[in-house]
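Trainee: This is the structure I have questions about; it appears just below.
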Amino acid sequence: MAAAWLLASMLAQAAPADAPSLPHETWTLQNGMRVILAEDHSVPFVWVNIWYDVGSKDESPGRSGFAHLFEHLMFQGSEHSNVDYFAPLQPIGAVVNGTTNLDRTNYFEGVPSAYLPLALWLESDRMGYLLPALDQARLDNQKAVVRNERRQRYDNVPYGNAWPLLLENLWPEGHPYHIATIGRHEEIEAATLADVHAFFRTWYVPSNASLVICGDVDPKTARTWVERYFAPLPSPPKPAHAPAPAPVKLDAERVVTRTQDVPFERVWLAWPSPAAYAPGDADLDVLSNALAGGKDSRLYRALVKERQVAQDVGASQDSLDLQSIYTITATVAQGRTGEEVIAAIDDVLAEVRRDGITAEEVAIAQTTYEVAFHGSLATLQGKADRMNAYARAKGDADWVAEDLARYAAVTPASVASTLETWLPARERLVLRIQPGGAK
Amino acid sequence: MNRSLALPALAGLALLVGCAHAPLDRSRAPAPLVTPDFVPPSPSEATLSSGLRVVLVENHETPLVHARLVFRDGSWTDPAGREGLAAVTMDMLDEGVDGLDAEGLARALQRLGSGLGASAGEDGATVAFSTLARNLDPTLDLVRRVLVTPTFPDADWARMRTRRLAGLAKARKDPEAIAARVVDRVLLGDAYRGRLVTEGSLAAIDPAAMRAWWAEHGRADRAVLFVGGDTTLPDLLPRLERALGAWTPPPVSAGPTAPADRPLPVTPAIHLVDRPGAPQSVLRVTGYVTAPTAPDWDALVLANQVVGGPFTARLNMNLREDKGWTYGARGGFSFDHAGGRYTVSTGVRADATVPALGEILRELRDPAGPRPLTAQEFEDGRAALLFGRPLQFENPDWRLGQEENRWRYALPDGWVVGYVPRVRAVPLPDAQAAWTRVVAAAPLAVVVVGDATSLRTPLAALGLPIVERDVDGNPLPPAVTPAKE
């Protein structure tokens with residue numbers, strides 16, 4: 001134990017010397033749009049990265065998948081550039097994409113730095129003038145594309161329906177996280193142009209947007225171009241999300257079993273867990289590393305190496321706005337059963353509940369996260385996205401030191417307390433996907 | 001990057017406005033700012049006293065060092081009957097070293113914030129590691145122990161073999177994995193990438209075979225160490241000498257540097273793999289049509305910028321943005337020891353399988369006939385490659401990967417540094433001619449992984465022979481033609 005404590009304090013002291021930070025300037029336009037500007041001259045490229053504070057949790061009933069479908073529509077052209085969004089960007093070697101999750105939607109293009117004005121022109125045009133370019137044909141085409149995406153990433157993939165099943169069974173009907181972001185086929189199909197107009201007018205307003213410009217820019221020039229294209233866009237006040245539902249806690253074990261065309265059973269244990277950045281969030285990341293972070297982790301040793309009941313095992317905290325999801329998952333080994341796997345996981349969890357994790361395990365997880373932080377800031381896109389994430393959650397794009405401090409503050413005692421509060425032995429969801437016909 | 005490049009790229013933007021002070025006119029795209037000069041980082045090189053070549057690309061933005069020790073030999077060296085040997089040997093390399101079992105090694109690495117993984121692909125093997133620059137020395141010492149004293153414990157192999165067997169079962173249920181395997185078997189038969197790892201070949205492998213493979217192939221004179229990140233050659237070399245200077249190749253002579261296997265001649269045909277009830281068909285249209293050393297390689301890559309490369313290329317705009325049949329369709333060139341492949345990859349809604357294949361085949365042929373590459377498409381495609389080039393240097397990985405390819409596939413010296421002038425020099429007629437000769441005229445194999453019951457009859461409309469195969473790519477006896485209803 002003494003050696004472990006020593007190691008922990010060594011690591012804690014070593015970290016600040018290399019501590020990353022995200023220097024930037026920031027201001028808010030009169031219409032409410034936040035702008036964050038960070039210079040990085042490593043390559044002559046610049047990233048324009050916009051987050052809209054809307055995700056699939058904000059969809060109307062019967063319109064699951066809409067926030068993501070809408071993201072696709074943002075690439076179909078706008079009033080003054082009424083061509084595919086990629087068309088003017090591809091010939092300058094740009095990297096272009098967007099992503100939607102339960103909480104937020106982001107758009108980004110990495111362009112040669114001389115083309116910053118072009119990227120700002122395009123982004124501002126779809127922020128201000130999307131609707132005149134959108135017609136039924138474009139909507140219908142992207143409904144088809146999104147449904148193909150669902151087939152490719154969920155329907156036609158072994159275990160691909162697990163995530164939607166987890167959400168549907170963990171969160172009650174009507175909860176904002178009840179349906180996965182990709183949505184249901186029939187609800188994607190049901191989307192109308194009227195839905196598109198209403199969603200755009202509510203959520204795609206400058207006051208609900210945050211722009212990061214990160215890369216090879218002269219801040220003065222960049223500021224001029226931002227003001228030119230974005231400042232004239234009018235904006236109503238920032239839209240409000242629906243009031244957060246009461247925190248979900250399961251009051252009993254819920255077991256859901258499905259069959260699919262898979263070779264081995266896979267099991268998921270899932271719990272509603274603390275929201276992103278809330279007390280306990282970092283504890284669960286540290287716990288995940290102790291449980292399943294490599295060959296020396298507790299679950300790997302017990303399930304894969306010693307008892308050999310599972311082929312693989314994972315644990316993760318999916319951090320979300322309202323409440324997060326903590327999951328432990330394992331694929332059953334040939335000739336073994338889901339019951340054996342669940343029993344083995346329970347034994348390991350019981351041991352952790354009884355004895356806690358060690359100071360060394362905490363120290364190792366802290367180092368792992370420190371390295372992951374550095375790695376995530378190694379690209380312009382990684383930096384831009386992280387600045388927008390921090391700005392949205394914490395109002396400070398350079399919240400790195402504070403974020404690392406959350407992990408540095410984790411102790412075996414804090415992990416034990418979070419485990420006790422949030423991961424009860426019985427009140428949880430058990431999802432089992434077993435070999436058989438699709439059902 | 002060069003200012004003269006600004007013109008062709010802007011061909012797509014009809015009207016330009018000058019500066020940020022003119023009155024705002026949203027109907028016009030703004031003109032670009034001044035393009036800064038950019039000098040890409042160059043690798044520096046040295047050779048250790050053991051003969052190990054070291055290539056470094058510096059990057060001091062984060063305090064991390066990433067390294068890949070790459071070997072010439074991969075699964076292509078697997079002896080007949082022991083397919084999978086290279087892959088499992090590399091996988092077992094970090095399952096324990098002299099004085100540390102797998103868990104001990106994993107823990108020692110994690111304490112340092114370091115990662116290490118070993119793997120083999122068809123064309124080579126790799127020990128990859130990363131660390132905080134401050135922990136480079138202790139990490140290198142663990143790397144040395146992995147290279148010099150791997151233990152290949154029996155118990156760990158028994159467990160890993162079980163997992164590998166499970167892996168075979170999983171791959172047979174995964175449509176993307178099935179398509180990849182069937183393509184290799186169609187193009188190469190039972191040679192090189194076409195060979196199957198089976199339950200039988202895994203059963204024939206034991207730790208003694210792994211020790212022998214590693215002794216023969218894990219050699220400093222058939223390896224290069226590529227390093228990227230927060231270090232310099234003067235800082236790095238003494239550390240490497242201390243850790244790896246004594247890792248010298250055995251006196252036995254090394255074997256050939258590459259497999260001699262060549263692709264089979266392609267007979268145009270549809271290879272159909274049944275996945276009953278699949279909501280989507282996974283499609284590949286492919287063949288070995290050229291080589292990276294062919295004089296028209298760059299012309300082909302440029303032509304593909306129009307046909308299949310970027311999002312806005314003809315294939316994706318047709319199948320996704322016009323027809324709505326897919327989430328994405330791309331075509332691209334790749335190369336390996338058997339030559340240069342062209343492959344179209346997509347997944348389409350099951351009921352669109354036949355028309356989608358018809359459109360893909362038409363898009364590949366059309367540039368040679370009714371729809372030649374236009375000047376606008378071609379210059380946009382060229383500009384995309386040239387303008388996007390500096391981004392490849394954001395991190396050392398891409399540059400080092402190019403250097404690895406040059407070494408592994410004996411590519412010419414100017415492969416990387418001569419790229420920009422080469423791509424700039426290709427005239428449209430050359431690209432048009434190369435595409436017409438090499439891709440449009442090539443016999444290509446079609447692989448379909450989907451619901452055979454509903455596809456069998458309509459696929460016949462494409463006029464190609466249909467060969468049904470199992471999920472491992474083995475041909476099945478011809479199916480009985482279902483009676484017309």
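Here's how to read the names in the structure tokens: chain A, B, ... by the order shown, residue numbers from 1 in each chain, ligand numbers from 1 in the order shown.
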Do a neighbour search on range 377-383 of chain A at 10 Å with only C-alpha atoms, toss out local chain neighbours closer than 4 positions, and write the hits as number ranges by chain.

Mentor: A: 20-22, 38-43, 45-49, 95, 108-110, 212-216, 372-373, 387-389, 397-398; B: 59-64, 391, 394-395

Trainee: Assign secondary structure with DSSP using the backbone only, and return the residues of range 265-294 of chain B in strand (DSSP E or B) as a ChimeraX atom specification.

Mentor: /B:269-274,280-290

Trainee: I need the residues from that last selection saved to file as a PDB file, in the first residue's frame (with N, CA and C atoms), if you can.

Mentor:
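As written to disk, again34.pdb reads:
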ATOM      1  N   ALA B 269     -17.752 -11.973 -62.912  1.00  0.00           N
ATOM      2  CA  ALA B 269     -18.804 -12.817 -62.350  1.00  0.00           C
ATOM      3  C   ALA B 269     -19.307 -12.158 -61.085  1.00  0.00           C
ATOM      4  N   ILE B 270     -20.508 -12.578 -60.684  1.00  0.00           N
ATOM      5  CA  ILE B 270     -21.063 -12.125 -59.405  1.00  0.00           C
ATOM      6  C   ILE B 270     -20.885 -13.252 -58.396  1.00  0.00           C
ATOM      7  N   HIS B 271     -20.214 -12.954 -57.309  1.00  0.00           N
ATOM      8  CA  HIS B 271     -20.017 -13.935 -56.243  1.00  0.00           C
ATOM      9  C   HIS B 271     -21.005 -13.601 -55.139  1.00  0.00           C
ATOM     10  N   LEU B 272     -21.961 -14.490 -54.963  1.00  0.00           N
ATOM     11  CA  LEU B 272     -23.101 -14.211 -54.082  1.00  0.00           C
ATOM     12  C   LEU B 272     -23.005 -15.031 -52.804  1.00  0.00           C
ATOM     13  N   VAL B 273     -23.034 -14.339 -51.674  1.00  0.00           N
ATOM     14  CA  VAL B 273     -23.008 -15.002 -50.369  1.00  0.00           C
ATOM     15  C   VAL B 273     -24.342 -14.745 -49.681  1.00  0.00           C
ATOM     16  N   ASP B 274     -24.953 -15.799 -49.225  1.00  0.00           N
ATOM     17  CA  ASP B 274     -26.292 -15.686 -48.645  1.00  0.00           C
ATOM     18  C   ASP B 274     -26.243 -15.210 -47.199  1.00  0.00           C
ATOM     19  N   GLN B 280     -29.914  -5.119 -45.971  1.00  0.00           N
ATOM     20  CA  GLN B 280     -29.001  -4.360 -46.805  1.00  0.00           C
ATOM     21  C   GLN B 280     -28.043  -5.356 -47.448  1.00  0.00           C
ATOM     22  N   SER B 281     -27.643  -5.084 -48.699  1.00  0.00           N
ATOM     23  CA  SER B 281     -26.640  -5.925 -49.347  1.00  0.00           C
ATOM     24  C   SER B 281     -25.304  -5.200 -49.317  1.00  0.00           C
ATOM     25  N   VAL B 282     -24.269  -5.909 -48.873  1.00  0.00           N
ATOM     26  CA  VAL B 282     -22.922  -5.349 -48.901  1.00  0.00           C
ATOM     27  C   VAL B 282     -22.310  -5.684 -50.259  1.00  0.00           C
ATOM     28  N   LEU B 283     -21.833  -4.673 -50.962  1.00  0.00           N
ATOM     29  CA  LEU B 283     -21.351  -4.857 -52.337  1.00  0.00           C
ATOM     30  C   LEU B 283     -19.880  -4.471 -52.459  1.00  0.00           C
ATOM     31  N   ARG B 284     -19.149  -5.246 -53.273  1.00  0.00           N
ATOM     32  CA  ARG B 284     -17.796  -4.885 -53.673  1.00  0.00           C
ATOM     33  C   ARG B 284     -17.666  -5.146 -55.167  1.00  0.00           C
ATOM     34  N   VAL B 285     -17.032  -4.240 -55.864  1.00  0.00           N
ATOM     35  CA  VAL B 285     -16.678  -4.465 -57.268  1.00  0.00           C
ATOM     36  C   VAL B 285     -15.188  -4.211 -57.340  1.00  0.00           C
ATOM     37  N   THR B 286     -14.414  -5.215 -57.718  1.00  0.00           N
ATOM     38  CA  THR B 286     -12.977  -5.105 -57.447  1.00  0.00           C
ATOM     39  C   THR B 286     -12.114  -5.953 -58.364  1.00  0.00           C
ATOM     40  N   GLY B 287     -10.853  -5.576 -58.432  1.00  0.00           N
ATOM     41  CA  GLY B 287      -9.866  -6.371 -59.142  1.00  0.00           C
ATOM     42  C   GLY B 287      -8.484  -5.754 -58.997  1.00  0.00           C
ATOM     43  N   TYR B 288      -7.445  -6.590 -59.153  1.00  0.00           N
ATOM     44  CA  TYR B 288      -6.078  -6.064 -59.240  1.00  0.00           C
ATOM     45  C   TYR B 288      -5.915  -5.548 -60.663  1.00  0.00           C
ATOM     46  N   VAL B 289      -5.854  -4.238 -60.830  1.00  0.00           N
ATOM     47  CA  VAL B 289      -5.838  -3.683 -62.177  1.00  0.00           C
ATOM     48  C   VAL B 289      -4.536  -2.975 -62.517  1.00  0.00           C
ATOM     49  N   THR B 290      -3.689  -2.704 -61.502  1.00  0.00           N
ATOM     50  CA  THR B 290      -2.477  -1.936 -61.777  1.00  0.00           C
ATOM     51  C   THR B 290      -1.462  -2.213 -60.673  1.00  0.00           C
TER      52      THR B 290
END

Trainee: Could you list, as a list of chain:residue names, every residue within 7 Å of range 434-444 of chain B, counting only C-alpha atoms and ignoring same-chain residues fewer than 4 positions away?

Mentor: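 So, after excluding close chain neighbours, the residues are B:Val266, B:Thr267, B:Pro268, B:Val285, B:Thr286, B:Gly287, B:Val289, B:Asp296, B:Ala299, B:Leu300, B:Ala303, B:Leu364, B:Arg365, B:Pro367, B:Ala368, B:Asp430.
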
Trainee: Using N, CA and C atoms, can you write the selected residues to a file as an mmCIF file, in the first residue's frame?

Mentor:
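out-v2.cif, freshly written:
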data_model
loop_
_atom_site.group_PDB
_atom_site.id
_atom_site.type_symbol
_atom_site.label_atom_id
_atom_site.label_comp_id
_atom_site.auth_asym_id
_atom_site.auth_seq_id
_atom_site.Cartn_x
_atom_site.Cartn_y
_atom_site.Cartn_z
ATOM 1 N N VAL B 266 -9.031 -12.562 -63.472
ATOM 2 C CA VAL B 266 -10.421 -12.344 -63.056
ATOM 3 C C VAL B 266 -11.367 -12.671 -64.207
ATOM 4 N N THR B 267 -12.330 -13.542 -63.910
ATOM 5 C CA THR B 267 -13.432 -13.755 -64.843
ATOM 6 C C THR B 267 -14.590 -12.922 -64.321
ATOM 7 N N PRO B 268 -15.124 -12.012 -65.150
ATOM 8 C CA PRO B 268 -16.230 -11.210 -64.628
ATOM 9 C C PRO B 268 -17.365 -12.120 -64.159
ATOM 10 N N VAL B 285 -17.032 -4.240 -55.864
ATOM 11 C CA VAL B 285 -16.678 -4.465 -57.268
ATOM 12 C C VAL B 285 -15.188 -4.211 -57.340
ATOM 13 N N THR B 286 -14.414 -5.215 -57.718
ATOM 14 C CA THR B 286 -12.977 -5.105 -57.447
ATOM 15 C C THR B 286 -12.114 -5.953 -58.364
ATOM 16 N N GLY B 287 -10.853 -5.576 -58.432
ATOM 17 C CA GLY B 287 -9.866 -6.371 -59.142
ATOM 18 C C GLY B 287 -8.484 -5.754 -58.997
ATOM 19 N N VAL B 289 -5.854 -4.238 -60.830
ATOM 20 C CA VAL B 289 -5.838 -3.683 -62.177
ATOM 21 C C VAL B 289 -4.536 -2.975 -62.517
ATOM 22 N N ASP B 296 1.276 5.105 -64.834
ATOM 23 C CA ASP B 296 0.031 5.884 -64.841
ATOM 24 C C ASP B 296 -0.707 5.856 -63.499
ATOM 25 N N ALA B 299 -2.160 9.182 -62.620
ATOM 26 C CA ALA B 299 -3.259 9.509 -63.537
ATOM 27 C C ALA B 299 -4.526 8.763 -63.123
ATOM 28 N N LEU B 300 -4.369 7.513 -62.688
ATOM 29 C CA LEU B 300 -5.529 6.732 -62.250
ATOM 30 C C LEU B 300 -6.147 7.310 -60.978
ATOM 31 N N ALA B 303 -8.075 10.330 -61.940
ATOM 32 C CA ALA B 303 -9.346 10.005 -62.597
ATOM 33 C C ALA B 303 -10.372 9.542 -61.566
ATOM 34 N N LEU B 364 -18.405 2.998 -63.749
ATOM 35 C CA LEU B 364 -17.003 2.639 -64.001
ATOM 36 C C LEU B 364 -16.693 2.662 -65.496
ATOM 37 N N ARG B 365 -17.664 2.294 -66.312
ATOM 38 C CA ARG B 365 -17.449 2.258 -67.769
ATOM 39 C C ARG B 365 -17.624 3.619 -68.428
ATOM 40 N N PRO B 367 -16.862 6.792 -68.127
ATOM 41 C CA PRO B 367 -15.815 7.745 -68.520
ATOM 42 C C PRO B 367 -15.150 7.361 -69.845
ATOM 43 N N ALA B 368 -15.170 6.074 -70.154
ATOM 44 C CA ALA B 368 -14.554 5.625 -71.409
ATOM 45 C C ALA B 368 -15.510 5.795 -72.588
ATOM 46 N N ASP B 430 -4.411 12.230 -70.223
ATOM 47 C CA ASP B 430 -3.681 11.072 -69.682
ATOM 48 C C ASP B 430 -4.538 10.322 -68.657
#

Trainee: Based on the backbone DSSP call, show me all residues of range 41-197 of chain B assigned alpha helix (DSSP H), as an MDAnalysis selection string.

Mentor: chainID B and resid 85:92 102:112 136:148 154:171 175:188

Trainee: If you keep C-alpha atoms, can you produce a file of those selected residues as a PDB file, in the first residue's frame?

Mentor:
ATOM      1  CA  LEU B  85       0.802 -18.331 -37.154  1.00  0.00           C
ATOM      2  CA  ALA B  86       2.219 -14.826 -37.637  1.00  0.00           C
ATOM      3  CA  ALA B  87      -0.932 -13.213 -36.284  1.00  0.00           C
ATOM      4  CA  VAL B  88      -1.124 -15.311 -33.125  1.00  0.00           C
ATOM      5  CA  THR B  89       2.628 -15.053 -32.529  1.00  0.00           C
ATOM      6  CA  MET B  90       2.426 -11.281 -32.532  1.00  0.00           C
ATOM      7  CA  ASP B  91      -0.736 -11.343 -30.456  1.00  0.00           C
ATOM      8  CA  MET B  92       1.046 -13.528 -27.874  1.00  0.00           C
ATOM      9  CA  ALA B 102       0.827 -10.588 -19.041  1.00  0.00           C
ATOM     10  CA  GLU B 103      -0.859  -8.769 -16.167  1.00  0.00           C
ATOM     11  CA  GLY B 104       2.457  -7.617 -14.727  1.00  0.00           C
ATOM     12  CA  LEU B 105       3.529  -6.255 -18.086  1.00  0.00           C
ATOM     13  CA  ALA B 106       0.184  -4.522 -18.618  1.00  0.00           C
ATOM     14  CA  ARG B 107       0.399  -2.954 -15.174  1.00  0.00           C
ATOM     15  CA  ALA B 108       3.996  -1.807 -15.651  1.00  0.00           C
ATOM     16  CA  LEU B 109       3.011  -0.078 -18.887  1.00  0.00           C
ATOM     17  CA  GLN B 110      -0.114   1.504 -17.419  1.00  0.00           C
ATOM     18  CA  ARG B 111       1.835   2.956 -14.512  1.00  0.00           C
ATOM     19  CA  LEU B 112       3.944   4.820 -17.040  1.00  0.00           C
ATOM     20  CA  LEU B 136      10.473   6.970 -22.678  1.00  0.00           C
ATOM     21  CA  ASP B 137      13.377   5.116 -21.014  1.00  0.00           C
ATOM     22  CA  PRO B 138      11.384   2.750 -18.807  1.00  0.00           C
ATOM     23  CA  THR B 139       8.977   2.126 -21.698  1.00  0.00           C
ATOM     24  CA  LEU B 140      11.836   1.250 -24.044  1.00  0.00           C
ATOM     25  CA  ASP B 141      13.118  -1.169 -21.440  1.00  0.00           C
ATOM     26  CA  LEU B 142       9.765  -2.968 -21.452  1.00  0.00           C
ATOM     27  CA  VAL B 143       9.796  -2.969 -25.267  1.00  0.00           C
ATOM     28  CA  ARG B 144      13.226  -4.591 -25.157  1.00  0.00           C
ATOM     29  CA  ARG B 145      11.941  -7.307 -22.862  1.00  0.00           C
ATOM     30  CA  VAL B 146       9.004  -7.946 -25.207  1.00  0.00           C
ATOM     31  CA  LEU B 147      11.343  -8.299 -28.178  1.00  0.00           C
ATOM     32  CA  VAL B 148      14.041 -10.343 -26.509  1.00  0.00           C
ATOM     33  CA  ASP B 154       0.972 -22.450 -22.827  1.00  0.00           C
ATOM     34  CA  ALA B 155      -2.011 -21.442 -20.697  1.00  0.00           C
ATOM     35  CA  ASP B 156      -2.327 -18.070 -22.376  1.00  0.00           C
ATOM     36  CA  TRP B 157      -2.204 -19.692 -25.785  1.00  0.00           C
ATOM     37  CA  ALA B 158      -4.949 -22.158 -24.845  1.00  0.00           C
ATOM     38  CA  ARG B 159      -7.139 -19.211 -23.919  1.00  0.00           C
ATOM     39  CA  MET B 160      -6.182 -17.155 -26.930  1.00  0.00           C
ATOM     40  CA  ARG B 161      -6.852 -20.056 -29.272  1.00  0.00           C
ATOM     41  CA  THR B 162     -10.384 -20.305 -27.893  1.00  0.00           C
ATOM     42  CA  ARG B 163     -10.849 -16.598 -28.511  1.00  0.00           C
ATOM     43  CA  ARG B 164      -9.453 -16.895 -32.026  1.00  0.00           C
ATOM     44  CA  LEU B 165     -11.898 -19.703 -32.760  1.00  0.00           C
ATOM     45  CA  ALA B 166     -14.705 -17.495 -31.488  1.00  0.00           C
ATOM     46  CA  GLY B 167     -13.338 -14.777 -33.733  1.00  0.00           C
ATOM     47  CA  LEU B 168     -13.780 -17.053 -36.762  1.00  0.00           C
ATOM     48  CA  ALA B 169     -17.395 -17.646 -35.778  1.00  0.00           C
ATOM     49  CA  LYS B 170     -17.996 -13.913 -35.356  1.00  0.00           C
ATOM     50  CA  ALA B 171     -16.441 -13.054 -38.706  1.00  0.00           C
ATOM     51  CA  PRO B 175     -21.349  -8.939 -43.525  1.00  0.00           C
ATOM     52  CA  GLU B 176     -18.406  -6.544 -43.872  1.00  0.00           C
ATOM     53  CA  ALA B 177     -15.936  -9.189 -42.702  1.00  0.00           C
ATOM     54  CA  ILE B 178     -17.520 -11.751 -45.024  1.00  0.00           C
ATOM     55  CA  ALA B 179     -17.202  -9.404 -47.990  1.00  0.00           C
ATOM     56  CA  ALA B 180     -13.537  -8.703 -47.249  1.00  0.00           C
ATOM     57  CA  ARG B 181     -12.707 -12.395 -46.995  1.00  0.00           C
ATOM     58  CA  VAL B 182     -14.619 -13.383 -50.109  1.00  0.00           C
ATOM     59  CA  VAL B 183     -12.947 -10.623 -52.146  1.00  0.00           C
ATOM     60  CA  ASP B 184      -9.500 -11.897 -51.140  1.00  0.00           C
ATOM     61  CA  ARG B 185     -10.400 -15.462 -52.031  1.00  0.00           C
ATOM     62  CA  VAL B 186     -11.906 -14.502 -55.374  1.00  0.00           C
ATOM     63  CA  LEU B 187      -8.878 -12.412 -56.340  1.00  0.00           C
ATOM     64  CA  LEU B 188      -6.115 -14.626 -54.963  1.00  0.00           C
TER      65      LEU B 188
END

Trainee: Extract, using only C-alpha atoms, all DNA, RNA and protein residues at most 9 Å from Pro164 in chain A, discarding same-chain residues fewer than 4 positions from it, and format them as JSON, numbers by chain.

Mentor: {"A": [154, 160, 168, 169, 178, 179, 180, 181, 182, 183]}

Trainee: Let's have the selection written as a PDB file, in the first residue's frame, with N, CA and C atoms.

Mentor:
ATOM      1  N   TYR A 154     -26.853  -0.314 -37.654  1.00  0.00           N
ATOM      2  CA  TYR A 154     -27.614  -0.962 -36.572  1.00  0.00           C
ATOM      3  C   TYR A 154     -28.264  -2.273 -37.016  1.00  0.00           C
ATOM      4  N   GLY A 160     -26.017  -5.060 -33.353  1.00  0.00           N
ATOM      5  CA  GLY A 160     -26.183  -3.636 -33.678  1.00  0.00           C
ATOM      6  C   GLY A 160     -27.393  -3.000 -33.027  1.00  0.00           C
ATOM      7  N   GLU A 168     -34.113   2.099 -24.674  1.00  0.00           N
ATOM      8  CA  GLU A 168     -35.558   1.907 -24.537  1.00  0.00           C
ATOM      9  C   GLU A 168     -35.933   1.253 -23.215  1.00  0.00           C
ATOM     10  N   ASN A 169     -35.015   0.466 -22.690  1.00  0.00           N
ATOM     11  CA  ASN A 169     -35.342  -0.262 -21.465  1.00  0.00           C
ATOM     12  C   ASN A 169     -34.803   0.381 -20.199  1.00  0.00           C
ATOM     13  N   HIS A 178     -35.164   8.002 -24.287  1.00  0.00           N
ATOM     14  CA  HIS A 178     -35.812   6.696 -24.472  1.00  0.00           C
ATOM     15  C   HIS A 178     -35.502   6.075 -25.842  1.00  0.00           C
ATOM     16  N   ILE A 179     -35.344   6.911 -26.853  1.00  0.00           N
ATOM     17  CA  ILE A 179     -35.106   6.382 -28.211  1.00  0.00           C
ATOM     18  C   ILE A 179     -33.731   6.841 -28.694  1.00  0.00           C
ATOM     19  N   ALA A 180     -32.983   5.935 -29.304  1.00  0.00           N
ATOM     20  CA  ALA A 180     -31.629   6.247 -29.776  1.00  0.00           C
ATOM     21  C   ALA A 180     -31.678   7.328 -30.854  1.00  0.00           C
ATOM     22  N   THR A 181     -30.578   8.070 -30.965  1.00  0.00           N
ATOM     23  CA  THR A 181     -30.497   9.201 -31.888  1.00  0.00           C
ATOM     24  C   THR A 181     -30.840   8.817 -33.325  1.00  0.00           C
ATOM     25  N   ILE A 182     -30.473   7.625 -33.745  1.00  0.00           N
ATOM     26  CA  ILE A 182     -30.719   7.231 -35.139  1.00  0.00           C
ATOM     27  C   ILE A 182     -32.221   7.168 -35.426  1.00  0.00           C
ATOM     28  N   GLY A 183     -33.039   6.914 -34.408  1.00  0.00           N
ATOM     29  CA  GLY A 183     -34.500   6.941 -34.590  1.00  0.00           C
ATOM     30  C   GLY A 183     -35.053   5.639 -35.139  1.00  0.00           C
TER      31      GLY A 183
END

Trainee: Using only C-alpha atoms, can you tell me which of A:Glu186, A:Glu123, A:Glu370, A:Glu173 comes closest to Trp225 in chain A?

Mentor: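 Comparing A:Glu186, A:Glu123, A:Glu370, A:Glu173 against Trp225 in chain A, the winner is A:Glu123.
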